[in-house]
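Visitor: Please find input-v2.pdb (PDB, C-alpha atoms) on the next line:
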MODEL        1
ATOM      1  CA  MET Z  16     -12.030   5.835 -17.387
ATOM      2  CA  SER Z  17     -13.680   4.610 -14.192
ATOM      3  CA  GLY Z  18     -15.411   1.797 -16.036
ATOM      4  CA  GLN Z  19     -12.224  -0.140 -16.642
ATOM      5  CA  GLU Z  20     -11.276  -3.216 -14.663
ATOM      6  CA  LEU Z  21      -8.477  -2.505 -12.285
ATOM      7  CA  GLU Z  22      -5.324  -4.552 -12.610
ATOM      8  CA  VAL Z  23      -2.545  -5.002 -10.125
ATOM      9  CA  GLN Z  24       0.746  -3.268 -10.830
ATOM     10  CA  LYS Z  25       3.766  -5.200  -9.668
ATOM     11  CA  LYS Z  26       5.748  -3.502  -6.948
ATOM     12  CA  LYS Z  27       9.149  -2.305  -8.111
ATOM     13  CA  GLU Z  28      12.104  -2.690  -5.802
ATOM     14  CA  LEU Z  29      14.240   0.387  -5.187
ATOM     15  CA  ALA Z  30      17.151   0.740  -7.628
ATOM     16  CA  SER Z  31      20.671   0.191  -6.325
ATOM     17  CA  GLN Z  32      21.924   3.793  -6.482
ATOM     18  CA  GLN Z  33      19.423   4.685  -3.786
ATOM     19  CA  GLU Z  34      19.994   1.581  -1.759
ATOM     20  CA  LYS Z  35      19.308   1.734   1.930
ATOM     21  CA  THR Z  36      21.562   0.418   4.622
ATOM     22  CA  ILE Z  37      18.918  -1.135   6.819
ATOM     23  CA  PRO Z  38      18.385  -4.851   6.339
ATOM     24  CA  ALA Z  39      15.020  -4.729   4.604
ATOM     25  CA  ARG Z  40      13.798  -4.178   1.065
ATOM     26  CA  PHE Z  41      12.366  -0.860  -0.052
ATOM     27  CA  TYR Z  42       9.877  -0.364  -2.849
ATOM     28  CA  VAL Z  43       9.166   2.496  -5.232
ATOM     29  CA  PRO Z  44       5.693   3.947  -4.686
ATOM     30  CA  LEU Z  45       3.380   4.455  -7.658
ATOM     31  CA  THR Z  46       3.402   8.174  -8.287
ATOM     32  CA  ASP Z  47       1.386  10.798 -10.106
ATOM     33  CA  ILE Z  48       2.942  14.180 -10.766
ATOM     34  CA  PHE Z  49       0.873  17.085 -11.934
ATOM     35  CA  GLU Z  50       1.031  20.830 -12.053
ATOM     36  CA  THR Z  51      -1.528  23.467 -11.228
ATOM     37  CA  GLY Z  52      -1.116  27.232 -11.614
ATOM     38  CA  ASP Z  53       0.272  27.582  -8.094
ATOM     39  CA  ALA Z  54       1.995  24.323  -7.350
ATOM     40  CA  LEU Z  55       3.521  21.072  -8.437
ATOM     41  CA  LYS Z  56       1.874  18.076  -6.809
ATOM     42  CA  ILE Z  57       3.471  14.713  -6.211
ATOM     43  CA  VAL Z  58       1.019  12.011  -5.153
ATOM     44  CA  MET Z  59       2.425   8.678  -3.980
ATOM     45  CA  GLU Z  60       0.718   5.464  -2.931
ATOM     46  CA  VAL Z  61       2.235   4.228   0.327
ATOM     47  CA  PRO Z  62      -0.240   1.702   1.765
ATOM     48  CA  GLY Z  63       0.410   0.650   5.362
ATOM     49  CA  VAL Z  64       2.375   3.752   6.328
ATOM     50  CA  PRO Z  65       1.193   5.680   9.412
ATOM     51  CA  LYS Z  66       1.580   9.464   9.707
ATOM     52  CA  ASP Z  67       4.745   9.299  11.792
ATOM     53  CA  GLY Z  68       6.356   6.930   9.294
ATOM     54  CA  VAL Z  69       6.859   9.566   6.609
ATOM     55  CA  ASP Z  70      10.136  11.455   6.255
ATOM     56  CA  VAL Z  71      10.603  14.076   3.558
ATOM     57  CA  LYS Z  72      13.978  15.783   3.081
ATOM     58  CA  ILE Z  73      15.333  18.325   0.633
ATOM     59  CA  GLU Z  74      19.025  18.519  -0.096
ATOM     60  CA  ASN Z  75      20.816  19.938  -3.143
ATOM     61  CA  ASP Z  76      17.560  20.394  -5.051
ATOM     62  CA  VAL Z  77      16.629  16.767  -4.506
ATOM     63  CA  LEU Z  78      13.524  15.878  -2.546
ATOM     64  CA  SER Z  79      13.753  12.459  -0.922
ATOM     65  CA  MET Z  80      10.785  10.702   0.549
ATOM     66  CA  GLU Z  81      10.970   7.720   2.819
ATOM     67  CA  ALA Z  82       7.836   6.060   4.162
ATOM     68  CA  ARG Z  83       8.007   3.260   6.670
ATOM     69  CA  ILE Z  84       5.190   0.800   7.095
ATOM     70  CA  GLU Z  85       3.840  -0.334  10.432
ATOM     71  CA  THR Z  86       5.195  -3.851  10.946
ATOM     72  CA  THR Z  87       3.793  -4.522  14.410
ATOM     73  CA  ASN Z  88       0.430  -5.443  12.850
ATOM     74  CA  TYR Z  89       2.086  -8.551  11.455
ATOM     75  CA  ASN Z  90       3.193  -9.860  14.848
ATOM     76  CA  GLY Z  91       1.998 -13.399  15.433
ATOM     77  CA  LEU Z  92       0.760 -13.855  11.872
ATOM     78  CA  GLU Z  93       2.012 -16.710   9.696
ATOM     79  CA  PRO Z  94       1.726 -16.262   5.933
ATOM     80  CA  VAL Z  95      -0.249 -18.933   4.090
ATOM     81  CA  TYR Z  96      -0.716 -17.270   0.712
ATOM     82  CA  THR Z  97       1.097 -14.300  -0.880
ATOM     83  CA  GLU Z  98       0.455 -12.051  -3.842
ATOM     84  CA  TYR Z  99       2.504  -8.971  -3.052
ATOM     85  CA  PRO Z 100       5.756  -8.189  -1.225
ATOM     86  CA  VAL Z 101       5.763  -6.022   1.885
ATOM     87  CA  GLY Z 102       8.322  -3.309   2.591
ATOM     88  CA  HIS Z 103       9.026   0.337   3.218
ATOM     89  CA  PHE Z 104       8.819   2.884   0.408
ATOM     90  CA  ALA Z 105      11.390   5.387  -0.866
ATOM     91  CA  ARG Z 106      11.670   7.653  -3.866
ATOM     92  CA  SER Z 107      13.443  10.886  -4.719
ATOM     93  CA  PHE Z 108      12.812  13.665  -7.197
ATOM     94  CA  THR Z 109      14.937  16.492  -8.570
ATOM     95  CA  LEU Z 110      13.123  19.746  -7.949
ATOM     96  CA  PRO Z 111      12.616  22.210 -10.783
ATOM     97  CA  GLU Z 112      13.766  25.773 -10.279
ATOM     98  CA  GLN Z 113      10.278  27.213 -10.004
ATOM     99  CA  VAL Z 114       9.575  25.397  -6.735
ATOM    100  CA  ASP Z 115       9.872  27.342  -3.490
ATOM    101  CA  GLN Z 116      11.800  24.857  -1.366
ATOM    102  CA  HIS Z 117      10.628  26.489   1.864
ATOM    103  CA  ASN Z 118       6.990  26.173   0.960
ATOM    104  CA  ILE Z 119       6.258  22.473   0.665
ATOM    105  CA  THR Z 120       3.414  20.737   2.448
ATOM    106  CA  ALA Z 121       2.659  17.052   2.921
ATOM    107  CA  LEU Z 122      -0.637  15.298   3.543
ATOM    108  CA  LEU Z 123      -1.107  11.596   4.235
ATOM    109  CA  GLU Z 124      -4.562  10.159   3.821
ATOM    110  CA  ASP Z 125      -5.576   6.484   3.496
ATOM    111  CA  GLY Z 126      -2.117   5.446   2.342
ATOM    112  CA  VAL Z 127      -1.820   8.235  -0.209
ATOM    113  CA  LEU Z 128       0.883  10.853   0.371
ATOM    114  CA  THR Z 129       0.368  14.189  -1.372
ATOM    115  CA  LEU Z 130       3.264  16.632  -1.510
ATOM    116  CA  THR Z 131       2.344  20.140  -2.570
ATOM    117  CA  LEU Z 132       5.371  21.998  -3.866
ATOM    118  CA  ASN Z 133       4.347  25.620  -4.111
ATOM    119  CA  LYS Z 134       5.864  27.642  -6.909
ATOM    120  CA  ARG Z 135       7.840  30.823  -6.343
ATOM    121  CA  PRO Z 136       5.513  33.788  -6.862
ATOM    122  CA  GLU Z 137       7.615  35.137  -9.744
ATOM    123  CA  THR Z 138       7.275  31.893 -11.676
ATOM    124  CA  LYS Z 139       3.493  31.612 -11.504
ATOM    125  CA  PRO Z 140       1.725  31.970 -14.830
ATOM    126  CA  ARG Z 141       0.503  35.445 -15.622
ATOM    127  CA  ARG Z 142      -2.133  36.445 -18.030
ATOM    128  CA  VAL Z 143      -0.763  38.718 -20.706
ATOM    129  CA  ALA Z 144      -3.114  41.461 -21.702
ATOM    130  CA  ILE Z 145      -3.300  42.208 -25.393
ATOM    131  CA  GLN Z 146      -3.236  45.884 -26.084
ATOM    132  CA  SER Z 147      -5.606  47.334 -28.539
ATOM    133  CA  PRO Z 148      -3.912  49.206 -31.343
TER     134      PRO Z 148
ATOM    135  CA  MET G  79      30.214 -10.809  20.368
ATOM    136  CA  THR G  80      28.585 -10.934  23.749
ATOM    137  CA  GLU G  81      24.967 -11.711  24.330
ATOM    138  CA  GLU G  82      24.318  -8.119  25.318
ATOM    139  CA  GLU G  83      25.493  -6.742  21.993
ATOM    140  CA  ILE G  84      23.179  -9.008  20.071
ATOM    141  CA  VAL G  85      20.246  -7.621  21.980
ATOM    142  CA  ILE G  86      21.220  -4.094  20.978
ATOM    143  CA  TYR G  87      21.375  -4.965  17.302
ATOM    144  CA  SER G  88      17.994  -6.649  17.162
ATOM    145  CA  ASP G  89      15.835  -3.747  16.098
ATOM    146  CA  PRO G  90      12.280  -3.525  14.733
ATOM    147  CA  PHE G  91      13.604  -3.910  11.181
ATOM    148  CA  ASP G  92      14.398  -7.526  11.899
ATOM    149  CA  THR G  93      10.675  -8.112  12.106
ATOM    150  CA  LEU G  94      10.256  -6.709   8.618
ATOM    151  CA  MET G  95      13.125  -8.724   7.201
ATOM    152  CA  GLN G  96      11.733 -11.908   8.686
ATOM    153  CA  LEU G  97       8.348 -11.035   7.266
ATOM    154  CA  GLN G  98       9.849 -10.399   3.822
ATOM    155  CA  HIS G  99      11.600 -13.768   3.886
ATOM    156  CA  ALA G 100       8.474 -15.526   5.100
ATOM    157  CA  LEU G 101       6.392 -13.944   2.358
ATOM    158  CA  ASP G 102       8.953 -14.901  -0.283
ATOM    159  CA  SER G 103       8.647 -18.543   0.605
ATOM    160  CA  PHE G 104       4.887 -18.441   0.210
ATOM    161  CA  ARG G 105       4.834 -17.004  -3.301
ATOM    162  CA  SER G 106       3.015 -19.363  -5.644
ATOM    163  CA  SER G 107       1.558 -21.230  -2.707
ATOM    164  CA  SER G 108      -1.340 -23.427  -3.756
ATOM    165  CA  TRP G 109      -3.272 -22.649  -0.608
ATOM    166  CA  LEU G 110      -5.937 -20.707  -2.474
ATOM    167  CA  ASN G 111      -7.603 -22.155  -5.509
ATOM    168  CA  THR G 112      -6.497 -19.368  -7.838
ATOM    169  CA  SER G 113      -8.546 -20.560 -10.805
ATOM    170  CA  THR G 114     -11.626 -18.996  -9.270
ATOM    171  CA  SER G 115     -10.122 -16.128  -7.325
ATOM    172  CA  GLY G 116      -8.609 -14.359 -10.327
ATOM    173  CA  GLY G 117      -4.955 -13.990  -9.397
ATOM    174  CA  GLY G 118      -3.574 -10.686 -10.641
ATOM    175  CA  ALA G 119      -6.850  -8.988  -9.841
ATOM    176  CA  PHE G 120      -7.061  -5.883  -7.678
ATOM    177  CA  PRO G 121      -6.569  -5.623  -4.760
ATOM    178  CA  PRO G 122      -3.492  -7.836  -4.256
ATOM    179  CA  LEU G 123      -3.937 -10.058  -1.217
ATOM    180  CA  ASN G 124      -1.776 -11.685   1.390
ATOM    181  CA  VAL G 125      -3.379 -14.251   3.664
ATOM    182  CA  PHE G 126      -2.081 -14.996   7.135
ATOM    183  CA  SER G 127      -3.078 -17.461   9.780
ATOM    184  CA  LYS G 128      -3.193 -16.913  13.500
ATOM    185  CA  ASN G 129      -4.008 -20.054  15.430
ATOM    186  CA  ASP G 130      -7.244 -21.260  13.793
ATOM    187  CA  ASP G 131      -8.170 -17.869  12.400
ATOM    188  CA  LEU G 132      -7.294 -16.167   9.121
ATOM    189  CA  VAL G 133      -6.465 -12.583   8.213
ATOM    190  CA  ILE G 134      -6.694 -11.354   4.637
ATOM    191  CA  VAL G 135      -4.598  -8.234   4.094
ATOM    192  CA  ALA G 136      -4.941  -6.142   0.941
ATOM    193  CA  GLU G 137      -3.096  -3.063  -0.276
ATOM    194  CA  ALA G 138      -5.750  -0.661  -1.455
ATOM    195  CA  PRO G 139      -4.576   2.942  -0.996
ATOM    196  CA  GLY G 140      -6.873   5.894  -1.529
ATOM    197  CA  LEU G 141     -10.222   4.165  -1.215
ATOM    198  CA  LYS G 142     -13.235   5.501   0.583
ATOM    199  CA  LYS G 143     -14.746   3.166   3.187
ATOM    200  CA  VAL G 144     -18.213   3.613   1.740
ATOM    201  CA  GLU G 145     -16.997   2.484  -1.669
ATOM    202  CA  LEU G 146     -15.761  -0.838  -0.323
ATOM    203  CA  GLU G 147     -18.071  -3.796  -0.292
ATOM    204  CA  ILE G 148     -17.243  -7.089   1.385
ATOM    205  CA  GLN G 149     -19.567 -10.065   1.225
ATOM    206  CA  VAL G 150     -19.207 -13.459   2.809
ATOM    207  CA  LYS G 151     -21.136 -16.545   1.799
ATOM    208  CA  GLY G 152     -20.088 -20.011   2.890
ATOM    209  CA  ARG G 153     -16.424 -20.332   1.964
ATOM    210  CA  THR G 154     -16.480 -17.459  -0.491
ATOM    211  CA  ILE G 155     -15.501 -13.867   0.174
ATOM    212  CA  GLN G 156     -16.103 -11.123  -2.304
ATOM    213  CA  ILE G 157     -14.307  -7.784  -2.240
ATOM    214  CA  ALA G 158     -15.592  -5.089  -4.565
ATOM    215  CA  GLY G 159     -15.283  -1.357  -4.985
ATOM    216  CA  THR G 160     -14.090   1.532  -7.092
ATOM    217  CA  LYS G 161     -10.739   3.280  -7.001
ATOM    218  CA  SER G 162     -10.727   6.822  -8.262
ATOM    219  CA  VAL G 163      -8.219   9.634  -8.384
ATOM    220  CA  ALA G 164      -9.085  13.343  -8.345
ATOM    221  CA  TYR G 165      -6.645  15.676 -10.052
ATOM    222  CA  GLY G 166      -8.878  18.734 -10.036
ATOM    223  CA  ASP G 167      -9.452  21.104 -12.902
ATOM    224  CA  ARG G 168      -6.853  22.919 -14.962
ATOM    225  CA  VAL G 169      -3.910  20.692 -14.289
ATOM    226  CA  SER G 170      -1.200  19.415 -16.550
ATOM    227  CA  LEU G 171      -0.248  15.847 -15.882
ATOM    228  CA  HIS G 172       3.482  15.110 -15.950
ATOM    229  CA  ARG G 173       3.475  11.538 -14.817
ATOM    230  CA  ARG G 174       0.751   9.032 -14.205
ATOM    231  CA  GLU G 175       1.449   5.693 -12.570
ATOM    232  CA  ARG G 176      -1.550   5.237 -10.300
ATOM    233  CA  THR G 177      -4.436   3.367 -11.837
ATOM    234  CA  ILE G 178      -8.150   3.753 -11.335
ATOM    235  CA  GLY G 179     -11.206   1.661 -12.039
ATOM    236  CA  ARG G 180     -13.673  -0.800 -10.642
ATOM    237  CA  PHE G 181     -12.679  -4.021  -9.007
ATOM    238  CA  SER G 182     -14.364  -7.150  -7.810
ATOM    239  CA  ARG G 183     -12.749 -10.375  -6.839
ATOM    240  CA  SER G 184     -13.859 -13.382  -4.899
ATOM    241  CA  LEU G 185     -11.877 -16.002  -3.082
ATOM    242  CA  ASP G 186     -12.778 -19.512  -2.207
ATOM    243  CA  LEU G 187     -11.212 -20.334   1.108
ATOM    244  CA  PRO G 188     -10.072 -23.861   1.865
ATOM    245  CA  VAL G 189     -11.726 -23.668   5.300
ATOM    246  CA  GLU G 190     -15.221 -22.860   6.488
ATOM    247  CA  ILE G 191     -15.633 -19.588   8.280
ATOM    248  CA  ASP G 192     -18.117 -18.196  10.730
ATOM    249  CA  ALA G 193     -19.901 -15.558   8.648
ATOM    250  CA  ASP G 194     -21.251 -13.783  11.747
ATOM    251  CA  LYS G 195     -17.804 -13.124  13.135
ATOM    252  CA  VAL G 196     -16.185 -11.595  10.072
ATOM    253  CA  ARG G 197     -14.665  -8.191  10.836
ATOM    254  CA  ALA G 198     -13.045  -5.775   8.403
ATOM    255  CA  GLU G 199     -10.796  -2.774   8.996
ATOM    256  CA  TYR G 200      -9.548  -0.134   6.596
ATOM    257  CA  ARG G 201      -6.649   1.979   7.813
ATOM    258  CA  ASP G 202      -3.700   3.740   6.180
ATOM    259  CA  GLY G 203      -4.773   2.368   2.802
ATOM    260  CA  MET G 204      -4.725  -1.247   3.963
ATOM    261  CA  LEU G 205      -7.763  -3.476   4.151
ATOM    262  CA  ALA G 206      -7.717  -6.263   6.721
ATOM    263  CA  ILE G 207     -10.453  -8.876   6.943
ATOM    264  CA  PHE G 208     -10.449 -11.021  10.078
ATOM    265  CA  LEU G 209     -12.028 -14.434   9.682
ATOM    266  CA  HIS G 210     -12.837 -16.987  12.347
ATOM    267  CA  ARG G 211     -12.814 -20.588  11.362
ATOM    268  CA  ALA G 212     -16.217 -22.203  11.869
ATOM    269  CA  GLU G 213     -16.332 -24.171  15.089
ATOM    270  CA  HIS G 214     -17.483 -27.384  13.413
ATOM    271  CA  ASP G 215     -14.648 -27.110  10.857
ATOM    272  CA  LYS G 216     -11.834 -26.858  13.388
ATOM    273  CA  PRO G 217      -9.527 -29.820  13.679
ATOM    274  CA  ARG G 218     -10.151 -31.959  16.735
ATOM    275  CA  SER G 219      -7.530 -33.843  18.562
ATOM    276  CA  ILE G 220      -8.414 -37.441  19.195
ATOM    277  CA  LYS G 221      -7.481 -38.905  22.507
ATOM    278  CA  ILE G 222      -6.069 -42.355  22.363
ATOM    279  CA  ALA G 223      -8.063 -44.559  24.623
TER     280      ALA G 223
ENDMDL
END
Would you mind giving the structure from this file in structure tokens?

Guide:
Amino acid sequence: MSGQELEVQKKKELASQQEKTIPARFYVPLTDIFETGDALKIVMEVPGVPKDGVDVKIENDVLSMEARIETTNYNGLEPVYTEYPVGHFARSFTLPEQVDQHNITALLEDGVLTLTLNKRPETKPRRVAIQSP
Amino acid sequence: MTEEEIVIYSDPFDTLMQLQHALDSFRSSSWLNTSTSGGGAFPPLNVFSKNDDLVIVAEAPGLKKVELEIQVKGRTIQIAGTKSVAYGDRVSLHRRERTIGRFSRSLDLPVEIDADKVRAEYRDGMLAIFLHRAEHDKPRSIKIA
């Protein structure tokens, strides 16, 4: 797969039911979700967001992520050519039952936020031994 | 509303809103000759000016510095690299929106730059390339005798 030419995906603005009340546009980060034996992983692309700009909350089985970009870098700069919009990121996910809501970790590295949602021990896959007759 | 109250309400988000408006008005700007730069190619770029200098800002999350290659020749800048994603073994993928692959794009700038003074930074998934306009290319003000 790594041989393919990379194309730009257009940024999607946040849908109205999650609209924010601050006067700036939010965007939906591109997200991969995958599952390992122990955990569910949510990986989001949030370029321009520093570590202290990330806020993850869980309420009523919904995990909400808000990531705010650093805007001070743009001070004194005048745009002359534009290909992509700039804004904060937000997205929320309904958590499945197998996730232990008290055991979630977050890691931000080079604009990629990885949330590791550990599964409850009782929901982890178990190997079933086949008895010999 | 008194003057004092206005000061209270001007918060850092105003900066972002102004930036968003400013960027909107520069969509489809003809500043760059897009026929050669491959618009729609990765990474997406925004170009800013600061006095005589230029800053190219690209969103390129999850890259490794060593995999990024930036070359400058005359008025042309080339940005190349590979974006990869590691899921690890034994995973089941539920959703996949992030893309991977190689990229290479070049831009022809409308001004001449000083190739020795080009500086690039990669932080928080953003690439910034700082360009200084070549001294001989800078506009000169003519004094009226």

Visitor: Between atom CA of Ser219 of chain G and atom CA of Val196 of chain G, what is the distance in Å, rounded to a tenth?

Guide: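 So the two atoms, atom CA of Ser219 of chain G and atom CA of Val196 of chain G, lie 25.3 Å apart.
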
Visitor: Could you tell me which residues of chain Z sit within 9 Å of chain G when counting all atoms listed in the file, and give me the result as a short mmCIF file (atom, residue, chain, number, x, y, z; two decimals) with C-alpha atoms, keeping the file's coordinate frame?

Guide:
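Printed below is result-v2.cif as written:
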data_model
loop_
_atom_site.label_atom_id
_atom_site.label_comp_id
_atom_site.auth_asym_id
_atom_site.auth_seq_id
_atom_site.Cartn_x
_atom_site.Cartn_y
_atom_site.Cartn_z
CA MET Z 16 -12.03 5.84 -17.39
CA SER Z 17 -13.68 4.61 -14.19
CA GLY Z 18 -15.41 1.80 -16.04
CA GLN Z 19 -12.22 -0.14 -16.64
CA GLU Z 20 -11.28 -3.22 -14.66
CA LEU Z 21 -8.48 -2.50 -12.28
CA GLU Z 22 -5.32 -4.55 -12.61
CA VAL Z 23 -2.54 -5.00 -10.12
CA GLN Z 24 0.75 -3.27 -10.83
CA ILE Z 37 18.92 -1.14 6.82
CA PRO Z 38 18.39 -4.85 6.34
CA ALA Z 39 15.02 -4.73 4.60
CA ARG Z 40 13.80 -4.18 1.06
CA LEU Z 45 3.38 4.46 -7.66
CA THR Z 46 3.40 8.17 -8.29
CA ASP Z 47 1.39 10.80 -10.11
CA ILE Z 48 2.94 14.18 -10.77
CA PHE Z 49 0.87 17.08 -11.93
CA GLU Z 50 1.03 20.83 -12.05
CA THR Z 51 -1.53 23.47 -11.23
CA GLY Z 52 -1.12 27.23 -11.61
CA VAL Z 58 1.02 12.01 -5.15
CA MET Z 59 2.42 8.68 -3.98
CA GLU Z 60 0.72 5.46 -2.93
CA VAL Z 61 2.24 4.23 0.33
CA PRO Z 62 -0.24 1.70 1.76
CA GLY Z 63 0.41 0.65 5.36
CA VAL Z 64 2.38 3.75 6.33
CA PRO Z 65 1.19 5.68 9.41
CA LYS Z 66 1.58 9.46 9.71
CA THR Z 86 5.20 -3.85 10.95
CA THR Z 87 3.79 -4.52 14.41
CA TYR Z 89 2.09 -8.55 11.46
CA ASN Z 90 3.19 -9.86 14.85
CA GLY Z 91 2.00 -13.40 15.43
CA LEU Z 92 0.76 -13.86 11.87
CA GLU Z 93 2.01 -16.71 9.70
CA PRO Z 94 1.73 -16.26 5.93
CA VAL Z 95 -0.25 -18.93 4.09
CA TYR Z 96 -0.72 -17.27 0.71
CA THR Z 97 1.10 -14.30 -0.88
CA GLU Z 98 0.46 -12.05 -3.84
CA TYR Z 99 2.50 -8.97 -3.05
CA PRO Z 100 5.76 -8.19 -1.23
CA VAL Z 101 5.76 -6.02 1.88
CA GLY Z 102 8.32 -3.31 2.59
CA HIS Z 103 9.03 0.34 3.22
CA LEU Z 123 -1.11 11.60 4.24
CA GLU Z 124 -4.56 10.16 3.82
CA ASP Z 125 -5.58 6.48 3.50
CA GLY Z 126 -2.12 5.45 2.34
CA VAL Z 127 -1.82 8.24 -0.21
#

Visitor: For atom CA of Ser107 of chain Z and atom CA of Asn88 of chain Z, determine how far apart the two atoms are, in Å to one decimal place.

Guide: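 Between atom CA of Ser107 of chain Z and atom CA of Asn88 of chain Z the gap is 27.3 Å.
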
Visitor: If you measure from atom CA of Thr120 of chain Z to atom CA of Leu78 of chain Z, what distance in Å do you get, rounded to one decimal?

Guide: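 Between these atoms lies a distance of 12.3 Å.
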
Visitor: Which is closer to Asp194 of chain G than all the others in G:Ile157, G:Val150, G:Ile222, G:His214, using all atoms listed in the file?

Guide: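 Nearest to Asp194 of chain G: G:Val150.
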